[in-house]
$ cat final_30.pdb   # PDB, C-alpha atoms and all ligand atoms
MODEL        1
ATOM      1  CA  MET L   1      59.144  93.321 262.457  1.00  0.00           C
ATOM      2  CA  LEU L   2      62.240  95.242 263.307  1.00  0.00           C
ATOM      3  CA  HIS L   3      62.860  98.866 262.290  1.00  0.00           C
ATOM      4  CA  PRO L   4      64.462  98.925 258.817  1.00  0.00           C
ATOM      5  CA  HIS L   5      67.392 101.099 259.956  1.00  0.00           C
ATOM      6  CA  SER L   6      69.009  98.280 261.891  1.00  0.00           C
ATOM      7  CA  ALA L   7      71.452  95.456 261.280  1.00  0.00           C
ATOM      8  CA  LEU L   8      72.617  92.252 262.948  1.00  0.00           C
ATOM      9  CA  LYS L   9      76.229  92.349 264.148  1.00  0.00           C
ATOM     10  CA  PHE L  10      78.463  90.027 266.142  1.00  0.00           C
ATOM     11  CA  VAL L  11      79.354  91.603 269.511  1.00  0.00           C
ATOM     12  CA  ASN L  12      81.603  89.089 271.317  1.00  0.00           C
ATOM     13  CA  GLU L  13      81.738  85.471 272.471  1.00  0.00           C
ATOM     14  CA  VAL L  14      79.839  86.170 275.704  1.00  0.00           C
ATOM     15  CA  ILE L  15      76.999  88.275 274.288  1.00  0.00           C
ATOM     16  CA  GLY L  16      76.895  86.745 270.819  1.00  0.00           C
ATOM     17  CA  SER L  17      75.139  88.971 268.299  1.00  0.00           C
ATOM     18  CA  GLY L  18      73.130  92.146 268.701  1.00  0.00           C
ATOM     19  CA  ILE L  19      71.154  94.674 266.685  1.00  0.00           C
ATOM     20  CA  PHE L  20      72.686  98.036 265.765  1.00  0.00           C
ATOM     21  CA  ALA L  21      71.197 101.189 264.294  1.00  0.00           C
ATOM     22  CA  THR L  22      72.383 101.940 260.757  1.00  0.00           C
ATOM     23  CA  LYS L  23      70.814 105.437 260.741  1.00  0.00           C
ATOM     24  CA  PHE L  24      69.534 107.884 263.339  1.00  0.00           C
ATOM     25  CA  ILE L  25      66.329 106.644 265.020  1.00  0.00           C
ATOM     26  CA  PRO L  26      64.627 109.420 267.019  1.00  0.00           C
ATOM     27  CA  LYS L  27      62.929 108.978 270.385  1.00  0.00           C
ATOM     28  CA  GLY L  28      59.269 108.069 269.840  1.00  0.00           C
ATOM     29  CA  THR L  29      59.915 105.751 266.877  1.00  0.00           C
ATOM     30  CA  ILE L  30      58.380 102.274 266.846  1.00  0.00           C
ATOM     31  CA  THR L  31      61.408  99.961 266.737  1.00  0.00           C
ATOM     32  CA  TYR L  32      59.525  96.650 266.773  1.00  0.00           C
ATOM     33  CA  ILE L  33      55.961  95.675 266.025  1.00  0.00           C
ATOM     34  CA  LYS L  34      54.378  92.241 265.980  1.00  0.00           C
ATOM     35  CA  ASP L  35      53.372  91.576 262.381  1.00  0.00           C
ATOM     36  CA  SER L  36      51.283  88.861 260.719  1.00  0.00           C
ATOM     37  CA  LEU L  37      54.342  86.693 259.919  1.00  0.00           C
ATOM     38  CA  GLU L  38      55.652  86.277 263.474  1.00  0.00           C
ATOM     39  CA  ILE L  39      55.697  82.692 264.706  1.00  0.00           C
ATOM     40  CA  GLU L  40      53.237  82.427 267.597  1.00  0.00           C
ATOM     41  CA  LEU L  41      52.959  79.362 269.825  1.00  0.00           C
ATOM     42  CA  ASP L  42      50.377  79.028 272.559  1.00  0.00           C
ATOM     43  CA  GLN L  43      51.221  77.120 275.758  1.00  0.00           C
ATOM     44  CA  HIS L  44      49.985  73.799 274.299  1.00  0.00           C
ATOM     45  CA  GLN L  45      52.017  74.195 271.119  1.00  0.00           C
ATOM     46  CA  TYR L  46      55.106  75.171 273.112  1.00  0.00           C
ATOM     47  CA  HIS L  47      54.845  72.181 275.450  1.00  0.00           C
ATOM     48  CA  ALA L  48      54.302  69.850 272.464  1.00  0.00           C
ATOM     49  CA  GLN L  49      57.765  70.786 271.106  1.00  0.00           C
ATOM     50  CA  PRO L  50      60.785  68.544 271.803  1.00  0.00           C
ATOM     51  CA  LYS L  51      62.928  69.730 274.759  1.00  0.00           C
ATOM     52  CA  ALA L  52      65.753  70.836 272.450  1.00  0.00           C
ATOM     53  CA  MET L  53      63.342  73.000 270.471  1.00  0.00           C
ATOM     54  CA  GLN L  54      61.840  74.478 273.651  1.00  0.00           C
ATOM     55  CA  GLU L  55      65.340  75.684 274.575  1.00  0.00           C
ATOM     56  CA  VAL L  56      65.683  77.423 271.214  1.00  0.00           C
ATOM     57  CA  ILE L  57      62.254  79.004 271.635  1.00  0.00           C
ATOM     58  CA  ASP L  58      63.162  80.105 275.191  1.00  0.00           C
ATOM     59  CA  LYS L  59      66.259  81.836 273.855  1.00  0.00           C
ATOM     60  CA  TYR L  60      64.669  83.626 270.907  1.00  0.00           C
ATOM     61  CA  SER L  61      61.076  84.304 271.910  1.00  0.00           C
ATOM     62  CA  TYR L  62      59.245  86.693 274.159  1.00  0.00           C
ATOM     63  CA  ILE L  63      56.036  85.781 275.952  1.00  0.00           C
ATOM     64  CA  ASP L  64      53.101  88.103 275.414  1.00  0.00           C
ATOM     65  CA  GLU L  65      50.193  88.925 277.734  1.00  0.00           C
ATOM     66  CA  HIS L  66      48.313  85.797 276.556  1.00  0.00           C
ATOM     67  CA  GLY L  67      51.238  83.537 277.450  1.00  0.00           C
ATOM     68  CA  HIS L  68      52.019  83.040 273.762  1.00  0.00           C
ATOM     69  CA  TYR L  69      55.624  82.528 272.699  1.00  0.00           C
ATOM     70  CA  ILE L  70      56.448  84.950 269.890  1.00  0.00           C
ATOM     71  CA  VAL L  71      59.451  84.090 267.713  1.00  0.00           C
ATOM     72  CA  SER L  72      60.323  86.807 265.208  1.00  0.00           C
ATOM     73  CA  TRP L  73      60.858  85.792 261.599  1.00  0.00           C
ATOM     74  CA  ASP L  74      63.428  88.600 261.190  1.00  0.00           C
ATOM     75  CA  HIS L  75      66.392  89.861 263.265  1.00  0.00           C
ATOM     76  CA  ALA L  76      64.192  91.235 266.065  1.00  0.00           C
ATOM     77  CA  LYS L  77      64.952  88.091 268.098  1.00  0.00           C
ATOM     78  CA  TYR L  78      68.606  89.202 268.418  1.00  0.00           C
ATOM     79  CA  ILE L  79      67.890  92.383 270.387  1.00  0.00           C
ATOM     80  CA  ASN L  80      69.753  92.179 273.689  1.00  0.00           C
ATOM     81  CA  HIS L  81      68.560  93.200 277.121  1.00  0.00           C
ATOM     82  CA  ASN L  82      70.012  96.235 278.867  1.00  0.00           C
ATOM     83  CA  CYS L  83      68.992  97.585 282.285  1.00  0.00           C
ATOM     84  CA  ASP L  84      69.215 101.081 280.765  1.00  0.00           C
ATOM     85  CA  PRO L  85      67.736 100.288 277.332  1.00  0.00           C
ATOM     86  CA  ASN L  86      67.053 102.685 274.465  1.00  0.00           C
ATOM     87  CA  THR L  87      63.840 100.875 273.472  1.00  0.00           C
ATOM     88  CA  ILE L  88      61.096  99.267 275.536  1.00  0.00           C
ATOM     89  CA  SER L  89      57.835  97.371 275.062  1.00  0.00           C
ATOM     90  CA  THR L  90      54.694  99.410 275.553  1.00  0.00           C
ATOM     91  CA  GLY L  91      51.250  98.442 276.791  1.00  0.00           C
ATOM     92  CA  TYR L  92      50.227  98.716 273.125  1.00  0.00           C
ATOM     93  CA  GLY L  93      52.392  95.720 272.166  1.00  0.00           C
ATOM     94  CA  PHE L  94      54.907  97.519 269.979  1.00  0.00           C
ATOM     95  CA  GLU L  95      58.321  98.677 271.199  1.00  0.00           C
ATOM     96  CA  ILE L  96      59.357 102.296 271.153  1.00  0.00           C
ATOM     97  CA  ALA L  97      62.623 104.245 271.251  1.00  0.00           C
ATOM     98  CA  ILE L  98      62.719 106.016 274.638  1.00  0.00           C
ATOM     99  CA  LYS L  99      65.924 107.844 273.680  1.00  0.00           C
ATOM    100  CA  ASP L 100      67.429 109.133 270.444  1.00  0.00           C
ATOM    101  CA  ILE L 101      69.432 106.282 268.926  1.00  0.00           C
ATOM    102  CA  GLN L 102      72.549 107.269 266.982  1.00  0.00           C
ATOM    103  CA  PRO L 103      73.922 105.332 263.985  1.00  0.00           C
ATOM    104  CA  GLY L 104      76.137 102.544 265.342  1.00  0.00           C
ATOM    105  CA  ASP L 105      74.396 102.387 268.739  1.00  0.00           C
ATOM    106  CA  GLU L 106      73.239  98.976 269.854  1.00  0.00           C
ATOM    107  CA  ILE L 107      69.443  98.782 270.030  1.00  0.00           C
ATOM    108  CA  THR L 108      68.598  97.315 273.428  1.00  0.00           C
ATOM    109  CA  ASP L 109      65.487  96.295 275.237  1.00  0.00           C
ATOM    110  CA  GLU L 110      63.964  95.578 278.679  1.00  0.00           C
ATOM    111  CA  TYR L 111      63.443  91.812 279.060  1.00  0.00           C
ATOM    112  CA  GLY L 112      61.651  92.356 282.380  1.00  0.00           C
ATOM    113  CA  LEU L 113      58.469  92.865 280.325  1.00  0.00           C
ATOM    114  CA  PHE L 114      58.678  89.508 278.553  1.00  0.00           C
ATOM    115  CA  ASN L 115      56.981  87.297 281.173  1.00  0.00           C
ATOM    116  CA  LEU L 116      60.199  85.421 281.938  1.00  0.00           C
ATOM    117  CA  ASP L 117      59.628  81.948 283.359  1.00  0.00           C
ATOM    118  CA  LYS L 118      62.749  82.332 285.530  1.00  0.00           C
ATOM    119  CA  ALA L 119      65.256  84.980 286.590  1.00  0.00           C
ATOM    120  CA  PHE L 120      68.527  85.449 284.720  1.00  0.00           C
ATOM    121  CA  VAL L 121      71.848  87.019 285.650  1.00  0.00           C
ATOM    122  CA  CYS L 122      72.512  90.275 283.828  1.00  0.00           C
ATOM    123  CA  GLN L 123      75.933  91.589 282.861  1.00  0.00           C
ATOM    124  CA  CYS L 124      74.750  94.421 280.642  1.00  0.00           C
ATOM    125  CA  GLY L 125      77.440  96.748 282.033  1.00  0.00           C
ATOM    126  CA  SER L 126      75.025  99.625 282.658  1.00  0.00           C
ATOM    127  CA  TYR L 127      75.488 101.586 285.877  1.00  0.00           C
ATOM    128  CA  LYS L 128      71.771 100.900 286.381  1.00  0.00           C
ATOM    129  CA  CYS L 129      72.268  97.124 286.065  1.00  0.00           C
ATOM    130  CA  ARG L 130      69.897  95.187 288.342  1.00  0.00           C
ATOM    131  CA  ALA L 131      72.329  92.177 288.361  1.00  0.00           C
ATOM    132  CA  GLU L 132      69.385  89.788 288.151  1.00  0.00           C
ATOM    133  CA  ILE L 133      66.300  90.181 285.990  1.00  0.00           C
ATOM    134  CA  HIS L 134      63.200  88.722 287.602  1.00  0.00           C
ATOM    135  CA  PRO L 135      59.750  87.810 286.276  1.00  0.00           C
ATOM    136  CA  GLU L 136      58.306  90.078 289.012  1.00  0.00           C
ATOM    137  CA  ASP L 137      60.280  93.136 287.876  1.00  0.00           C
ATOM    138  CA  ILE L 138      57.180  94.424 286.089  1.00  0.00           C
ATOM    139  CA  GLU L 139      55.499  94.911 289.491  1.00  0.00           C
ATOM    140  CA  GLN L 140      58.445  96.845 290.880  1.00  0.00           C
ATOM    141  CA  TYR L 141      59.503  98.843 287.837  1.00  0.00           C
ATOM    142  CA  GLY L 142      56.308  99.037 285.744  1.00  0.00           C
ATOM    143  CA  SER L 143      55.507 102.608 286.845  1.00  0.00           C
ATOM    144  CA  ILE L 144      59.085 103.754 286.186  1.00  0.00           C
ATOM    145  CA  TRP L 145      58.947 102.230 282.702  1.00  0.00           C
ATOM    146  CA  ASP L 146      55.584 103.907 282.060  1.00  0.00           C
ATOM    147  CA  GLU L 147      57.162 107.267 282.906  1.00  0.00           C
ATOM    148  CA  GLN L 148      59.851 106.608 280.270  1.00  0.00           C
ATOM    149  CA  ILE L 149      57.294 105.519 277.675  1.00  0.00           C
ATOM    150  CA  ARG L 150      54.754 108.370 278.018  1.00  0.00           C
ATOM    151  CA  PRO L 151      57.034 111.196 276.784  1.00  0.00           C
ATOM    152  CA  ALA L 152      58.325 108.955 273.967  1.00  0.00           C
ATOM    153  CA  LEU L 153      54.761 108.143 272.862  1.00  0.00           C
ATOM    154  CA  LEU L 154      53.944 111.869 272.762  1.00  0.00           C
ATOM    155  CA  GLN L 155      56.616 112.174 270.007  1.00  0.00           C
ATOM    156  CA  PHE L 156      54.799 109.541 267.955  1.00  0.00           C
ATOM    157  CA  ASP L 157      53.335 111.876 265.314  1.00  0.00           C
ATOM    158  CA  LYS L 158      56.466 114.032 265.125  1.00  0.00           C
ATOM    159  CA  VAL L 159      58.906 111.366 263.885  1.00  0.00           C
ATOM    160  CA  PRO L 160      59.004 109.004 260.865  1.00  0.00           C
ATOM    161  CA  GLN L 161      57.194 105.721 261.626  1.00  0.00           C
ATOM    162  CA  PRO L 162      58.140 103.130 258.980  1.00  0.00           C
ATOM    163  CA  LEU L 163      56.510 100.345 261.033  1.00  0.00           C
ATOM    164  CA  ALA L 164      53.187 102.121 261.640  1.00  0.00           C
ATOM    165  CA  THR L 165      51.613 100.500 258.553  1.00  0.00           C
ATOM    166  CA  HIS L 166      51.777  97.177 260.423  1.00  0.00           C
ATOM    167  CA  MET L 167      49.808  98.445 263.397  1.00  0.00           C
ATOM    168  CA  ALA L 168      46.488  96.724 264.086  1.00  0.00           C
ATOM    169  CA  GLU L 169      43.474  99.028 263.844  1.00  0.00           C
ATOM    170  CA  GLU L 170      42.510  98.423 267.477  1.00  0.00           C
ATOM    171  CA  THR L 171      46.008  99.407 268.647  1.00  0.00           C
ATOM    172  CA  SER L 172      45.966 102.462 266.422  1.00  0.00           C
ATOM    173  CA  ASN L 173      42.634 103.575 267.898  1.00  0.00           C
ATOM    174  CA  LEU L 174      43.915 103.140 271.454  1.00  0.00           C
ATOM    175  CA  LEU L 175      47.078 105.060 270.659  1.00  0.00           C
ATOM    176  CA  ASN L 176      45.147 107.912 269.042  1.00  0.00           C
ATOM    177  CA  LEU L 177      42.992 108.138 272.133  1.00  0.00           C
ATOM    178  CA  PHE L 178      46.127 108.618 274.237  1.00  0.00           C
ATOM    179  CA  LEU L 179      47.594 111.154 271.795  1.00  0.00           C
ATOM    180  CA  LYS L 180      44.378 113.205 271.939  1.00  0.00           C
ATOM    181  CA  LYS L 181      43.625 112.756 275.629  1.00  0.00           C
ATOM    182  CA  THR L 182      46.724 111.817 277.553  1.00  0.00           C
ATOM    183  CA  GLN L 183      44.773 110.401 280.506  1.00  0.00           C
ATOM    184  CA  HIS L 184      43.903 107.352 278.328  1.00  0.00           C
ATOM    185  CA  TYR L 185      47.264 105.665 278.682  1.00  0.00           C
ATOM    186  CA  LYS L 186      47.731 101.900 278.550  1.00  0.00           C
ATOM    187  CA  SER L 187      50.328 100.867 281.107  1.00  0.00           C
ATOM    188  CA  VAL L 188      53.034  98.248 280.469  1.00  0.00           C
ATOM    189  CA  LYS L 189      51.360  96.317 283.279  1.00  0.00           C
ATOM    190  CA  ALA L 190      48.864  95.220 280.572  1.00  0.00           C
ATOM    191  CA  LEU L 191      51.685  93.024 279.211  1.00  0.00           C
ATOM    192  CA  LYS L 192      51.734  90.851 282.313  1.00  0.00           C
ATOM    193  CA  PHE L 193      50.675  87.290 281.634  1.00  0.00           C
ATOM    194  CA  ASP L 194      48.885  85.530 284.468  1.00  0.00           C
ATOM    195  CA  SER L 195      50.209  81.952 284.185  1.00  0.00           C
ATOM    196  CA  ARG L 196      47.592  80.626 286.646  1.00  0.00           C
ATOM    197  CA  THR L 197      44.835  80.867 284.016  1.00  0.00           C
ATOM    198  CA  VAL L 198      46.814  78.699 281.581  1.00  0.00           C
ATOM    199  CA  THR L 199      47.723  76.093 284.219  1.00  0.00           C
ATOM    200  CA  ILE L 200      44.005  75.638 284.744  1.00  0.00           C
ATOM    201  CA  ALA L 201      43.417  75.438 280.988  1.00  0.00           C
ATOM    202  CA  LEU L 202      46.242  72.914 280.481  1.00  0.00           C
ATOM    203  CA  ASN L 203      44.892  70.661 283.228  1.00  0.00           C
ATOM    204  CA  GLY L 204      41.341  71.197 282.075  1.00  0.00           C
ATOM    205  CA  THR L 205      41.892  69.805 278.562  1.00  0.00           C
ATOM    206  CA  ASN L 206      42.532  66.302 279.982  1.00  0.00           C
ATOM    207  CA  HIS L 207      38.853  66.015 280.793  1.00  0.00           C
ATOM    208  CA  HIS L 208      37.606  66.491 277.218  1.00  0.00           C
TER     209      HIS L 208
HETATM  210 ZN    ZN L 301      71.816  94.701 283.524  1.00  0.00          ZN
ENDMDL
END
$ encode --input "final_30.pdb" --output "structure tokens" --more "lines below"
Ligand SMILES: [Zn+2]
Amino acid sequence: MLHPHSALKFVNEVIGSGIFATKFIPKGTITYIKDSLEIELDQHQYHAQPKAMQEVIDKYSYIDEHGHYIVSWDHAKYINHNCDPNTISTGYGFEIAIKDIQPGDEITDEYGLFNLDKAFVCQCGSYKCRAEIHPEDIEQYGSIWDEQIRPALLQFDKVPQPLATHMAEETSNLLNLFLKKTQHYKSVKALKFDSRTVTIALNGTNHH
């Protein structure tokens, strides 16, 4: 579920649509959280879809640490990537604002954490643009992203959190542990999906 102070807007023919803040969203706010209505496909369910549908899923989903394709039921699927984003996925699953977001700002995200199956060319326009976004970016940039997330997470209790009611108890416990004792931090590297385990599982099912 996307933060309520956001709206879908057409950007241009190249980018298509994007998500824009309708009110001020302070650093440390959860901007997206996976809720119980999200459409979740495991690798088998994804591969059972017709090719045309797989392309739609590829465009609108992110892949979580279990290799599951998550398609949002709301506008969250329209958030665009930026190499200098104002929100980012955390090791806790939800996304957080790593900067103050002003009304009218586009809400952007780091796709390098979405277990991409292939690289894509980026034209985000940021001076930090990496030109190509690679599935391995999490290895190279994970620590940098963690350093952006930690200070934002420390603002968690100081800002309004309209999406916090959708947080799973286990996640909430982990987060509280970090907020009390900052050494218990869950890195974004926890989001990395190891595709080798699923390849084995996919092949393995033929024998049953
Ligand atoms: Zn870029």
$ resolve_selection --input "final_30.pdb" --expression "the PyMOL selection byres (((not hetatm)) within 8 of (chain L and resi 301))" --output "NGL selection string"
:L and (81-84 or 121-126 or 128-133)
$ residues_near_point --input "final_30.pdb" --point "(54.5, 99.7, 282.0)" --cutoff "6 Å" --atoms "only C-alpha atoms" --output "list of chain:residue names"
L:Gly142, L:Ser143, L:Trp145, L:Asp146, L:Ser187, L:Val188, L:Lys189
$ closest_residue --input "final_30.pdb" --among "L:Asp117, L:Glu139, L:Ala190, L:His44" --to "Glu65 in chain L" --atoms "all atoms listed in the file"
L:Ala190
$ residues_around --input "final_30.pdb" --residues "Ile149 in chain L" --least-positions-apart "4" --cutoff "7 Å" --atoms "only C-alpha atoms" --output "list in words"
Thr90, Ile98, Trp145 and Leu153 of chain L
$ write_last_selection --input "final_30.pdb" --atoms "C-alpha atoms" --output "PDB file, keeping the file's coordinate frame"
ATOM      1  CA  THR L  90      54.694  99.410 275.553  1.00  0.00           C
ATOM      2  CA  ILE L  98      62.719 106.016 274.638  1.00  0.00           C
ATOM      3  CA  TRP L 145      58.947 102.230 282.702  1.00  0.00           C
ATOM      4  CA  LEU L 153      54.761 108.143 272.862  1.00  0.00           C
TER       5      LEU L 153
END
$ resolve_selection --input "final_30.pdb" --expression "the PyMOL selection byres (((chain L and resi 30-43) around 6) and not hetatm)" --output "list in words"
Met1, Leu2, His3, Thr29, His44, Gln45, Tyr46, His68, Tyr69, Ile70, Val71, Ser72, Trp73, Phe94, Glu95 and Ile96 of chain L
$ atom_distance --input "final_30.pdb" --atom1 "CA of His66 in chain L" --atom2 "CA of Gly91 in chain L"
13.0 Å
$ residues_around --input "final_30.pdb" --residues "range 16-27 of chain L" --least-positions-apart "5" --cutoff "10 Å" --atoms "all atoms listed in the file" --output "PyMOL selection string"
chain L and resi 2-11+75-81+86-87+96-108+149+151-156+158-161
$ closest_residue --input "final_30.pdb" --among "L:Ile144, L:Tyr92, L:Leu113, L:Tyr62" --to "Leu177 in chain L" --atoms "all atoms listed in the file"
L:Tyr92
$ closest_residue --input "final_30.pdb" --among "L:Gly93, L:Asp137, L:Val14, L:Ser195" --to "Leu174 in chain L" --atoms "only C-alpha atoms"
L:Gly93
$ residues_near_point --input "final_30.pdb" --point "(59.5, 93.4, 278.9)" --cutoff "8 Å" --atoms "all atoms listed in the file" --output "list in words"
Ile88, Ser89, Asp109, Glu110, Tyr111, Gly112, Leu113, Phe114, Asn115, Ile138 and Leu191 of chain L
$ atom_distance --input "final_30.pdb" --atom1 "CA of Met167 in chain L" --atom2 "CA of Ile57 in chain L"
24.5 Å
$ decode --input "final_30.pdb" --residues "range 135-153 of chain L" --atoms "C-alpha atoms" --output "mmCIF file, in the first residue's frame"
data_model
loop_
_atom_site.group_PDB
_atom_site.id
_atom_site.type_symbol
_atom_site.label_atom_id
_atom_site.label_comp_id
_atom_site.auth_asym_id
_atom_site.auth_seq_id
_atom_site.Cartn_x
_atom_site.Cartn_y
_atom_site.Cartn_z
ATOM 1 C CA PRO L 135 20.832 -7.061 -10.688
ATOM 2 C CA GLU L 136 24.227 -7.082 -8.904
ATOM 3 C CA ASP L 137 23.967 -3.435 -7.821
ATOM 4 C CA ILE L 138 22.881 -4.579 -4.362
ATOM 5 C CA GLU L 139 26.371 -6.052 -3.822
ATOM 6 C CA GLN L 140 28.091 -2.840 -4.856
ATOM 7 C CA TYR L 141 25.755 -0.252 -3.367
ATOM 8 C CA GLY L 142 24.046 -2.135 -0.510
ATOM 9 C CA SER L 143 26.252 -0.559 2.182
ATOM 10 C CA ILE L 144 25.744 2.936 0.740
ATOM 11 C CA TRP L 145 21.975 2.402 0.735
ATOM 12 C CA ASP L 146 22.113 1.132 4.327
ATOM 13 C CA GLU L 147 23.854 4.363 5.343
ATOM 14 C CA GLN L 148 20.969 6.339 3.798
ATOM 15 C CA ILE L 149 18.342 4.166 5.479
ATOM 16 C CA ARG L 150 19.722 4.112 9.055
ATOM 17 C CA PRO L 151 19.277 7.848 9.797
ATOM 18 C CA ALA L 152 15.825 7.787 8.156
ATOM 19 C CA LEU L 153 14.763 4.810 10.300
#
